[in-house]
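Presented below is the structure to which this report refers.
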Amino acid sequence: MKPKVAFFDFAGCEGDQLQIANLEEEILDLLGQVEVVSFREVMKEHSDDYDIAFVEGSCTRIQDEERLKQIRKNASVVVAIGSCATIGGINSLKNYQNLDAVKKTVYGEKADLFDTYLARPIDAVISVDAYVHGCPMTKEEFLHVVKSLLLGKKPDIPNYPVCVECKKNENVCAFERGEFCIGPVTRAGCNSCCVNEGTKCWGCRGLVDNPNENSQKEVLIKYGLSVDEAISKFRLYFGWEKKQ
Amino acid sequence: MTAKKNLEVNVHHVTRLEGHGNIYVNVKNGNIEKCEWAIPEAPRFFEAMVVGRNWKELHHITSRICGICSIGHTLASLKATEAAMGITISDQDLKLRKLALHAENLQSHILHVGFLVLPDLMGVGSVIPLASSNPDEVKTVLGLHRMANDMSNLICGRTTHPQRLIPGGFSKIPSIKELINVRDRLKSSVPALQAVANLIKSLASKIPDFVRETEFIGLSNPDEYALYDGRIASTDTDSAPVKEYLSYTNEYIVPQSTAKWAKHERESYMVGALARLNINYDKLSPLAKKISELFGLKPVCHNPFMNNIAQLIEIVHSVEDSIKLINELDAAGLESQSEYNLPAVSVKAGQGIGAVEVPRGILFHDYTYDENGVCTKANCIIPTNQNHGNIELDMKALLPQILNKTEKEIELTLEMLVRAYDPCISCSTHAIKVHFV
């Protein structure tokens with residue numbers, strides 16, 4: 001019997017589920033291997049009977065924890081997809097601001113009508129079995145993780161920095177161009193896609209397991225960059241990871 | 001028969017939408033006691049998140065407001081930053097940005113019409129069963145969607161959350177050979193577009209015949225079907241420059257929604273493909289106009305369900321206008337730029353507003369920067385927010401007309417109404433600063 005899969009979203013832009021639509025003709029192959037029982041973005045039907053749950057977005061409200069716990073109960077495998085779900089991502093920028101002030105900035109005197117708390121990745125609330133990193137996640141890594149799960153294998157996700165891939169691609173180092181790049185501490189697997197397009201690494205795939213802090217410090221000294229600047233750049237995606 | 005009807009319809013998390021929206025309907029003895037459109041989505045507070053961030057990052061952050069409209073958000077953001085700092089872009093970059101916008105319009109409209117609306121017209125719950133019952137049609141739609149994504153990839157460096165679009169221009173541009181390749185694919189997509197149009201035409205009787213007069217707002221430009229630039233125009237009033245946007249949007253808060261609502265001349269207004277078509281019909285490309293005539297769609301059309309048809313017409317327009325833009329770039333000779341291009345910018349304090357037409361309607365970003373280029377204040381007004389009031393008023397007008405139908409049919413018709421607006425709720429839940437008097 002084909003495994004039943006379901007998709008869920010919390011606070012995020014739904015750009016990761018969009019990558020599934022972007023699989024185009026490969027969707028049809030995927031549908032041959034799994035049975036989609038819930039995917040609110042594209043289908044009306046819904047069922048709570050599923051084996052694999054893909055979760056996009058961060059948890060940003062206490063009431064969303066219940067929904068997550070229910071998903072964990074129903075699924076035998078939970079996969080976090082995209083930066084908001086895997087590391088908290090851009091959403092955790094608000095964690096460095098006064099939450100009451102944040103609510104008032106957006107909703108004024110009616111701020112009390114709306115709930116929010118520190119934005120956090122899914123594994124801050126429930127246990128997660130696999131991660132598809134990136135903002136957005138890449139279609140290739142998503143398919144790799146799905147195939148691995150179907151074969152009962154552990155997905156092979158790089159645990160070295162983006163710099164490794166970037167050097168292979170023969171890019172001119174962003175630091176040499178006067179940019180502040182997060183590649184030295186960010187998990188590879190994206191094929192240094194942003195640097196290839198002429199910009200720099202922003203850190204969306206999160207920190208490698210053991211970031212080499214000394215070499216990062218050396219880079220800062222070599223290029224005369226301040227610690228404050230480094231902290232500000234790290235917060236863009238690592239806000240939750242660094243706060244723990 | 002309908003006079004004494006009791007009915008309760010609660011659709012939690014209406015499907016085939018981006019983001020979460022709920023419909024609440026309660027009818028007692030034929031009287032409508034409640035008919036409400038609610039947005040429970042978790043708010044994300046982007047306007048607060050960008051405060052304190054550097055001007056070079058704003059477009060990267062606000063792109064994350066929406067995965068589907070990330071190119072549009074990036075462009076509105078860049079235009080706001082460029083306006084604040086007096087940055088100009090070349091004519092070539094302007095044309096490339098227009099192509100980026102067309103690419104996103106194509107991606108988004110093809111996804112909506114082909115994957116989300118077609119199942120309603122064909123009486124199924126999703127595109128998944130259509131893959132086996134109508135494989136040729138589904139493959140045609142997938143092929144068009146792939147073309148739009150490849151085009152986004154080529155111009156923006158990515159289909160979602162673009163990389164190449166930066167303040168002052170592009171970090172990297174495609175070669176003329178790559179552009180011509182896209183142009184040829186666009187040209188050869190015309191028969192597939194015609195086939196999709198004919199398929200939808202054959203199902204057109206399923207589109208509810210519902211009319212409620214309302215106001216339509218969108219950009220207008222004397223030179224073209226306005227998408228990248230223009231003045232704010234309305235079917236009710238005179239047009240105005242973009243800097244006067246707050247006098248059009250007038251956002252307010254309702255308790256059932258984390259998203260803000262908007263109104264202008266009437267109780268509500270509509271933005272999006274139908275609004276643009278109603279305002280800019282004369283500027284449509286030739287084949288787009290023909291498709292318009294095929295469906296008898298003429299301005300001013302007040303049937304919100306026809307927004308899906310307006311999207312189909314815009315798909316054709318974007319294809320034709322993109323071909324024209326690439327021909328112009330080719331004729332002028334594409335000027336190359338340095339690798340890792342980083343346009344020189346003199347940072348200064350100021351406020352800037354950027355308005356762009358994105359798939360779901362007019363989008364505003366408004367930033368204030370200090371002398372170091374750090375953002376001190378931000379305001380983003382998203383198309384779907386502007387449509388919420390109109391959706392609810394349409395629901396209230398439509399419900400009495402369909403009360404004699406079965407509960408299931410009523411539910412489906414109301415869902416179809418919401419889907420016709422193609423709401424993008426994940427964008428719309430973080431709204432703007434309001435000034436309470």
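Chain labels A, B, ... are given in the sequence in which chains occur in the structure tokens; within each chain residues are numbered consecutively from 1, and ligands are likewise numbered from 1 in the order shown.
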
List the spatial neighbours of Ala288 of chain B as a list in words - criterion: any atom at most 7 Å away, only C-alpha atoms, same-chain residues fewer than 2 positions off excluded.
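With the cut-off at 7 Å, the set is Leu284, Ser285, Pro286, Lys290, Ile291, Ser292, Ile313, Glu314, Val316 and His317 of chain B.
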
Please return, as an NGL selection string, all residues of segment 215-362 of chain B that DSSP assigns to helix (DSSP H, G or I) on the basis of the backbone.
:B and (242-244 or 246-249 or 273-283 or 286-294 or 304-332)

Would you mind listing what lies within 10 Å of Glu411 of chain B as an MDAnalysis selection string, with only C-alpha atoms counted and same-chain residues fewer than 4 positions away left out?
chainID B and resid 8:11 23 25 399 405:407 415:417

Considering only C-alpha atoms, give me a table of residues in segment 72-169 of chain B that are at most 6 Å from segment 356-380 of chain B, with the closest atom pair and distance in Å for each, as a tab-separated table.
residue	atom	partner	partner_atom	distance
B:Gly72	CA	B:Val358	CA	5.4
B:Ala76	CA	B:Val356	CA	5.6
B:Ser77	CA	B:His365	CA	5.8
B:Ala80	CA	B:Asp366	CA	5.9
B:Asn105	CA	B:Pro359	CA	5.2

Per residue of chain A within 7 Å of chain B, record the nearest atom pair and its distance in Å to one decimal, counting only C-alpha atoms, with rows in chain order and ascending residue number, as JSON lines.
{"residue": "A:Ala11", "atom": "CA", "partner": "B:Ala42", "partner_atom": "CA", "distance": 5.7}
{"residue": "A:Gly12", "atom": "CA", "partner": "B:Ser426", "partner_atom": "CA", "distance": 6.9}
{"residue": "A:Cys13", "atom": "CA", "partner": "B:Cys66", "partner_atom": "CA", "distance": 4.4}
{"residue": "A:Glu14", "atom": "CA", "partner": "B:Gly67", "partner_atom": "CA", "distance": 5.5}
{"residue": "A:Gly15", "atom": "CA", "partner": "B:Gly67", "partner_atom": "CA", "distance": 3.7}
{"residue": "A:Glu24", "atom": "CA", "partner": "B:Leu142", "partner_atom": "CA", "distance": 5.5}
{"residue": "A:Glu25", "atom": "CA", "partner": "B:Leu142", "partner_atom": "CA", "distance": 6.5}
{"residue": "A:Arg40", "atom": "CA", "partner": "B:Thr15", "partner_atom": "CA", "distance": 4.8}
{"residue": "A:Glu41", "atom": "CA", "partner": "B:Arg16", "partner_atom": "CA", "distance": 4.3}
{"residue": "A:Val42", "atom": "CA", "partner": "B:Arg16", "partner_atom": "CA", "distance": 4.5}
{"residue": "A:Met43", "atom": "CA", "partner": "B:Ser126", "partner_atom": "CA", "distance": 4.5}
{"residue": "A:Lys44", "atom": "CA", "partner": "B:Gly125", "partner_atom": "CA", "distance": 5.1}
{"residue": "A:Glu45", "atom": "CA", "partner": "B:Gly125", "partner_atom": "CA", "distance": 6.5}
{"residue": "A:Thr60", "atom": "CA", "partner": "B:Ala42", "partner_atom": "CA", "distance": 6.9}
{"residue": "A:Asn91", "atom": "CA", "partner": "B:Arg44", "partner_atom": "CA", "distance": 6.8}
{"residue": "A:Leu93", "atom": "CA", "partner": "B:Met49", "partner_atom": "CA", "distance": 5.6}
{"residue": "A:Lys94", "atom": "CA", "partner": "B:Met49", "partner_atom": "CA", "distance": 5.1}
{"residue": "A:Val102", "atom": "CA", "partner": "B:Ala48", "partner_atom": "CA", "distance": 5.6}
{"residue": "A:Thr105", "atom": "CA", "partner": "B:Lys433", "partner_atom": "CA", "distance": 5.9}
{"residue": "A:Val106", "atom": "CA", "partner": "B:Lys433", "partner_atom": "CA", "distance": 4.9}
{"residue": "A:Tyr107", "atom": "CA", "partner": "B:Lys433", "partner_atom": "CA", "distance": 6.5}
{"residue": "A:Gly108", "atom": "CA", "partner": "B:Val434", "partner_atom": "CA", "distance": 6.3}
{"residue": "A:Leu113", "atom": "CA", "partner": "B:Pro255", "partner_atom": "CA", "distance": 6.8}
{"residue": "A:Phe114", "atom": "CA", "partner": "B:Thr258", "partner_atom": "CA", "distance": 6.9}
{"residue": "A:Pro136", "atom": "CA", "partner": "B:Thr160", "partner_atom": "CA", "distance": 7.0}
{"residue": "A:Cys194", "atom": "CA", "partner": "B:Gln163", "partner_atom": "CA", "distance": 6.2}
{"residue": "A:Glu197", "atom": "CA", "partner": "B:Gly157", "partner_atom": "CA", "distance": 5.8}
{"residue": "A:Gly198", "atom": "CA", "partner": "B:Tyr340", "partner_atom": "CA", "distance": 4.2}
{"residue": "A:Thr199", "atom": "CA", "partner": "B:Tyr340", "partner_atom": "CA", "distance": 6.4}

Minimum-distance residue to Ser108 of chain B, chosen among B:Gly30, B:Ala148, B:Leu414, B:Leu393 (using only C-alpha atoms)
B:Ala148
